[in-house]
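S.K.: You'll find my_file33.tsv just under this line, and it carries TSV, N, CA and C atoms.
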```tsv
chain	number	residue	atom	x	y	z
V	554	MET	N	21.61	108.63	93.16
V	554	MET	CA	21.98	108.10	91.89
V	554	MET	C	23.50	107.97	91.84
V	555	LYS	N	23.97	106.91	91.16
V	555	LYS	CA	25.40	106.65	91.04
V	555	LYS	C	25.78	106.67	89.57
V	556	ALA	N	26.94	107.21	89.25
V	556	ALA	CA	27.46	107.22	87.88
V	556	ALA	C	28.81	106.52	87.86
V	557	VAL	N	29.02	105.68	86.85
V	557	VAL	CA	30.31	105.01	86.65
V	557	VAL	C	30.88	105.50	85.32
V	558	LEU	N	32.08	106.06	85.37
V	558	LEU	CA	32.73	106.56	84.18
V	558	LEU	C	33.99	105.76	83.91
V	559	GLU	N	34.11	105.23	82.70
V	559	GLU	CA	35.35	104.58	82.29
V	559	GLU	C	36.11	105.58	81.45
V	560	ILE	N	37.31	105.91	81.88
V	560	ILE	CA	38.10	106.95	81.21
V	560	ILE	C	39.51	106.46	80.94
V	561	ASN	N	40.16	107.10	79.97
V	561	ASN	CA	41.57	106.82	79.75
V	561	ASN	C	42.37	108.02	80.24
V	562	LEU	N	43.67	107.89	80.29
V	562	LEU	CA	44.51	108.96	80.85
V	562	LEU	C	44.39	110.27	80.10
V	563	ASN	N	44.12	110.21	78.80
V	563	ASN	CA	44.00	111.44	78.02
V	563	ASN	C	42.76	112.24	78.40
V	564	GLU	N	41.80	111.60	79.07
V	564	GLU	CA	40.57	112.28	79.44
V	564	GLU	C	40.63	112.90	80.84
V	565	LEU	N	41.75	112.77	81.51
V	565	LEU	CA	41.91	113.40	82.83
V	565	LEU	C	42.29	114.86	82.62
V	566	ASN	N	41.28	115.71	82.50
V	566	ASN	CA	41.52	117.11	82.22
V	566	ASN	C	40.40	117.95	82.81
V	567	SER	N	40.40	119.23	82.50
V	567	SER	CA	39.40	120.13	83.07
V	567	SER	C	37.99	119.80	82.59
V	568	ASN	N	37.86	119.23	81.39
V	568	ASN	CA	36.53	118.84	80.90
V	568	ASN	C	35.91	117.78	81.80
V	569	LEU	N	36.73	116.87	82.29
V	569	LEU	CA	36.23	115.84	83.21
V	569	LEU	C	35.72	116.50	84.49
V	570	LEU	N	36.45	117.47	85.01
V	570	LEU	CA	36.01	118.17	86.22
V	570	LEU	C	34.69	118.89	85.99
V	571	ASP	N	34.53	119.50	84.84
V	571	ASP	CA	33.26	120.16	84.51
V	571	ASP	C	32.12	119.15	84.48
V	572	MET	N	32.39	117.97	83.91
V	572	MET	CA	31.36	116.94	83.83
V	572	MET	C	30.99	116.45	85.24
V	573	VAL	N	31.98	116.27	86.10
V	573	VAL	CA	31.72	115.83	87.47
V	573	VAL	C	30.89	116.89	88.21
V	574	ARG	N	31.26	118.15	88.07
V	574	ARG	CA	30.48	119.22	88.70
V	574	ARG	C	29.02	119.20	88.22
V	575	SER	N	28.85	119.00	86.93
V	575	SER	CA	27.50	118.95	86.36
V	575	SER	C	26.70	117.79	86.94
V	576	MET	N	27.35	116.66	87.12
V	576	MET	CA	26.66	115.50	87.69
V	576	MET	C	26.23	115.77	89.13
V	577	PHE	N	27.11	116.39	89.90
V	577	PHE	CA	26.75	116.74	91.28
V	577	PHE	C	25.57	117.70	91.31
V	578	ASP	N	25.53	118.63	90.36
V	578	ASP	CA	24.41	119.56	90.27
V	578	ASP	C	23.09	118.85	89.94
V	579	LYS	N	23.20	117.67	89.31
V	579	LYS	CA	22.00	116.91	88.91
V	579	LYS	C	21.72	115.78	89.90
V	580	ASN	N	22.16	115.96	91.14
V	580	ASN	CA	21.88	115.01	92.23
V	580	ASN	C	22.53	113.64	92.09
V	581	VAL	N	23.63	113.56	91.37
V	581	VAL	CA	24.42	112.34	91.38
V	581	VAL	C	25.20	112.36	92.68
V	582	THR	N	25.01	111.35	93.52
V	582	THR	CA	25.63	111.37	94.85
V	582	THR	C	26.93	110.58	94.92
V	583	GLU	N	27.18	109.78	93.90
V	583	GLU	CA	28.41	108.98	93.90
V	583	GLU	C	28.89	108.84	92.46
V	584	ILE	N	30.19	109.10	92.26
V	584	ILE	CA	30.80	108.96	90.95
V	584	ILE	C	31.99	108.03	91.09
V	585	ILE	N	32.00	106.99	90.29
V	585	ILE	CA	33.10	106.03	90.31
V	585	ILE	C	33.86	106.18	89.00
V	586	LEU	N	35.16	106.42	89.10
V	586	LEU	CA	36.03	106.51	87.94
V	586	LEU	C	36.82	105.21	87.80
V	587	LYS	N	36.72	104.60	86.65
V	587	LYS	CA	37.44	103.36	86.39
V	587	LYS	C	38.33	103.56	85.17
V	588	PRO	N	39.55	103.04	85.22
V	588	PRO	CA	40.40	103.17	84.04
V	588	PRO	C	39.81	102.33	82.91
V	589	GLN	N	39.83	102.90	81.74
V	589	GLN	CA	39.31	102.20	80.57
V	589	GLN	C	40.31	101.12	80.16
V	590	ALA	N	39.81	99.93	79.91
V	590	ALA	CA	40.68	98.83	79.51
V	590	ALA	C	41.25	99.11	78.12
V	591	PRO	N	42.54	98.90	77.95
V	591	PRO	CA	43.13	99.13	76.62
V	591	PRO	C	42.63	98.09	75.63
V	592	THR	N	42.52	98.49	74.39
V	592	THR	CA	42.16	97.54	73.34
V	592	THR	C	43.44	97.03	72.69
V	593	LEU	N	43.51	95.76	72.49
V	593	LEU	CA	44.69	95.16	71.88
V	593	LEU	C	44.38	94.78	70.44
V	594	GLU	N	45.32	95.00	69.59
V	594	GLU	CA	45.17	94.64	68.19
V	594	GLU	C	46.28	93.67	67.83
V	595	GLU	N	46.02	92.85	66.83
V	595	GLU	CA	47.03	91.90	66.37
V	595	GLU	C	48.19	92.68	65.75
V	596	PHE	N	49.40	92.25	66.03
V	596	PHE	CA	50.58	92.92	65.52
V	596	PHE	C	50.67	92.74	64.01
V	597	ASP	N	50.89	93.82	63.30
V	597	ASP	CA	50.99	93.79	61.84
V	597	ASP	C	52.46	93.73	61.44
V	598	GLN	N	52.92	92.55	61.07
V	598	GLN	CA	54.33	92.36	60.73
V	598	GLN	C	54.73	93.05	59.43
V	599	SER	N	53.73	93.47	58.64
V	599	SER	CA	54.07	94.11	57.37
V	599	SER	C	54.53	95.55	57.55
V	600	LEU	N	54.27	96.13	58.73
V	600	LEU	CA	54.70	97.51	58.99
V	600	LEU	C	56.19	97.56	59.28
V	601	SER	N	56.84	98.58	58.77
V	601	SER	CA	58.25	98.76	59.09
V	601	SER	C	58.37	99.35	60.49
V	602	ILE	N	59.56	99.24	61.06
V	602	ILE	CA	59.80	99.82	62.38
V	602	ILE	C	59.52	101.32	62.34
V	603	GLU	N	59.94	101.99	61.28
V	603	GLU	CA	59.73	103.43	61.17
V	603	GLU	C	58.24	103.79	61.14
V	604	GLU	N	57.44	102.98	60.45
V	604	GLU	CA	55.99	103.23	60.42
V	604	GLU	C	55.39	103.10	61.82
V	605	ILE	N	55.84	102.10	62.55
V	605	ILE	CA	55.35	101.88	63.92
V	605	ILE	C	55.73	103.06	64.81
V	606	LEU	N	56.98	103.48	64.73
V	606	LEU	CA	57.46	104.58	65.56
V	606	LEU	C	56.78	105.89	65.21
V	607	ASP	N	56.56	106.13	63.91
V	607	ASP	CA	55.85	107.34	63.49
V	607	ASP	C	54.43	107.36	64.04
V	608	SER	N	53.77	106.22	63.99
V	608	SER	CA	52.40	106.11	64.51
V	608	SER	C	52.37	106.38	66.01
V	609	MET	N	53.34	105.83	66.73
V	609	MET	CA	53.40	106.06	68.18
V	609	MET	C	53.64	107.52	68.49
V	610	GLN	N	54.52	108.16	67.72
V	610	GLN	CA	54.82	109.58	67.95
V	610	GLN	C	53.57	110.42	67.69
V	611	LYS	N	52.85	110.13	66.60
V	611	LYS	CA	51.63	110.88	66.27
V	611	LYS	C	50.55	110.67	67.32
V	612	SER	N	50.58	109.52	68.01
V	612	SER	CA	49.60	109.23	69.05
V	612	SER	C	49.95	109.91	70.37
V	613	GLY	N	51.13	110.52	70.43
V	613	GLY	CA	51.50	111.28	71.62
V	613	GLY	C	52.29	110.50	72.66
V	614	HIS	N	52.86	109.37	72.28
V	614	HIS	CA	53.67	108.61	73.24
V	614	HIS	C	54.99	109.33	73.50
V	615	LYS	N	55.52	109.13	74.69
V	615	LYS	CA	56.76	109.80	75.09
V	615	LYS	C	57.95	109.24	74.33
V	616	ALA	N	58.94	110.11	74.11
V	616	ALA	CA	60.14	109.74	73.35
V	616	ALA	C	60.88	108.57	74.00
V	617	GLU	N	60.91	108.53	75.33
V	617	GLU	CA	61.62	107.45	76.03
V	617	GLU	C	60.99	106.09	75.71
V	618	LEU	N	59.65	106.04	75.68
V	618	LEU	CA	58.96	104.79	75.36
V	618	LEU	C	59.24	104.40	73.91
V	619	ILE	N	59.17	105.36	73.01
V	619	ILE	CA	59.40	105.08	71.59
V	619	ILE	C	60.81	104.54	71.38
V	620	THR	N	61.78	105.10	72.07
V	620	THR	CA	63.16	104.61	71.96
V	620	THR	C	63.27	103.17	72.44
V	621	GLU	N	62.62	102.85	73.56
V	621	GLU	CA	62.67	101.49	74.08
V	621	GLU	C	61.96	100.51	73.15
V	622	ILE	N	60.84	100.92	72.57
V	622	ILE	CA	60.13	100.07	71.62
V	622	ILE	C	61.00	99.83	70.39
V	623	LYS	N	61.65	100.89	69.90
V	623	LYS	CA	62.54	100.76	68.74
V	623	LYS	C	63.65	99.76	69.02
V	624	ASP	N	64.30	99.90	70.17
V	624	ASP	CA	65.38	98.97	70.54
V	624	ASP	C	64.86	97.54	70.60
V	625	GLY	N	63.69	97.35	71.20
V	625	GLY	CA	63.12	96.01	71.31
V	625	GLY	C	62.77	95.42	69.96
V	626	LEU	N	62.18	96.23	69.08
V	626	LEU	CA	61.81	95.74	67.76
V	626	LEU	C	63.04	95.37	66.94
V	627	GLU	N	64.08	96.20	67.05
V	627	GLU	CA	65.31	95.92	66.29
V	627	GLU	C	65.97	94.62	66.74
V	628	GLU	N	65.77	94.24	67.99
V	628	GLU	CA	66.36	93.01	68.53
V	628	GLU	C	65.41	91.81	68.38
V	629	SER	N	64.17	92.06	67.98
V	629	SER	CA	63.18	90.97	67.92
V	629	SER	C	63.45	90.04	66.74
V	630	SER	N	62.98	88.82	66.87
V	630	SER	CA	63.14	87.85	65.80
V	630	SER	C	62.32	88.23	64.58
V	631	ILE	N	61.24	88.96	64.77
V	631	ILE	CA	60.39	89.37	63.65
V	631	ILE	C	61.14	90.28	62.70
V	632	TYR	N	61.79	91.30	63.24
V	632	TYR	CA	62.44	92.28	62.39
V	632	TYR	C	63.89	91.96	62.07
V	633	SER	N	64.54	91.14	62.84
V	633	SER	CA	65.91	90.80	62.51
V	633	SER	C	66.00	90.02	61.21
V	634	LYS	N	64.90	89.35	60.85
V	634	LYS	CA	64.86	88.59	59.59
V	634	LYS	C	64.50	89.50	58.40
V	635	HIS	N	63.69	90.54	58.67
V	635	HIS	CA	63.19	91.39	57.59
V	635	HIS	C	64.07	92.59	57.30
V	636	GLU	N	64.61	93.19	58.34
V	636	GLU	CA	65.39	94.40	58.18
V	636	GLU	C	66.77	94.17	58.77
V	637	GLY	N	67.76	94.44	58.09
V	637	GLY	CA	69.05	94.25	58.72
V	637	GLY	C	70.14	94.04	57.81
```
Write the structure described by the file as structure tokens, please.

M.R.:
Amino acid sequence: MKAVLEINLNELNSNLLDMVRSMFDKNVTEIILKPQAPTLEEFDQSLSIEEILDSMQKSGHKAELITEIKDGLEESSIYSKHEG
């Protein structure tokens, strides 16, 4: 029997190892791990830069990425017209 698991980076932890061990115990002979495709959403121009950055921080994104996103948004044509 073969199992295919689609996972995201947040799921790479000890729980995944426990699940893999359990599958091997149940005669699964092959396990394929595939990265889960990201879901894209339409950009909401009504959100302020601060709201976007707060959401990213709460989601656990790294500070370096948030800083780069902030710099990019501040230079973008979308926000240069609204905030500034």

S.K.: Step one, run DSSP on the backbone; step two, keep only residues of range 597-636 of chain V assigned to alpha helix (DSSP H); then write them as a list in words.

M.R.: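 Matching residues, listed in order: Ile602, Glu603, Glu604, Ile605, Leu606, Asp607, Ser608, Met609, Gln610, Lys611, Ala616, Glu617, Leu618, Ile619, Thr620, Glu621, Ile622, Lys623, Asp624, Gly625, Leu626, Glu627, Glu628, Ser630, Ile631, Tyr632, Ser633, Lys634 and His635 of chain V.
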
S.K.: With all atoms listed in the file as the basis for distance, which of V:Ser567, V:Glu603, V:Val573, V:Ser608 is at the shortest distance from Lys623 in chain V?

M.R.: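 Selected residue with least distance to Lys623 in chain V: V:Glu603.
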
S.K.: Neighbours of Pro588 in chain V within 6 Å (all atoms listed in the file; same-chain residues fewer than 2 positions away dropped), as a list of chain:residue names?

M.R.: V:Glu559, V:Ile560, V:Asn561, V:Leu586, V:Ala590

S.K.: Between atom C of Gln589 in chain V and atom C of Asp607 in chain V, what distance in Å does the model show, to one decimal?

M.R.: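 Atom C of Gln589 in chain V sits 22.3 Å away from atom C of Asp607 in chain V.
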
S.K.: Can you work out the spacing between CA of Leu558 in chain V and CA of Gln610 in chain V in Å, to one decimal?

M.R.: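 Rounded to one decimal, the two atoms are 27.6 Å apart.
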
S.K.: For CA of Ile622 in chain V and CA of Leu565 in chain V, determine how far apart the two atoms are, in Å to one decimal place.

M.R.: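 It comes out at 25.2 Å.
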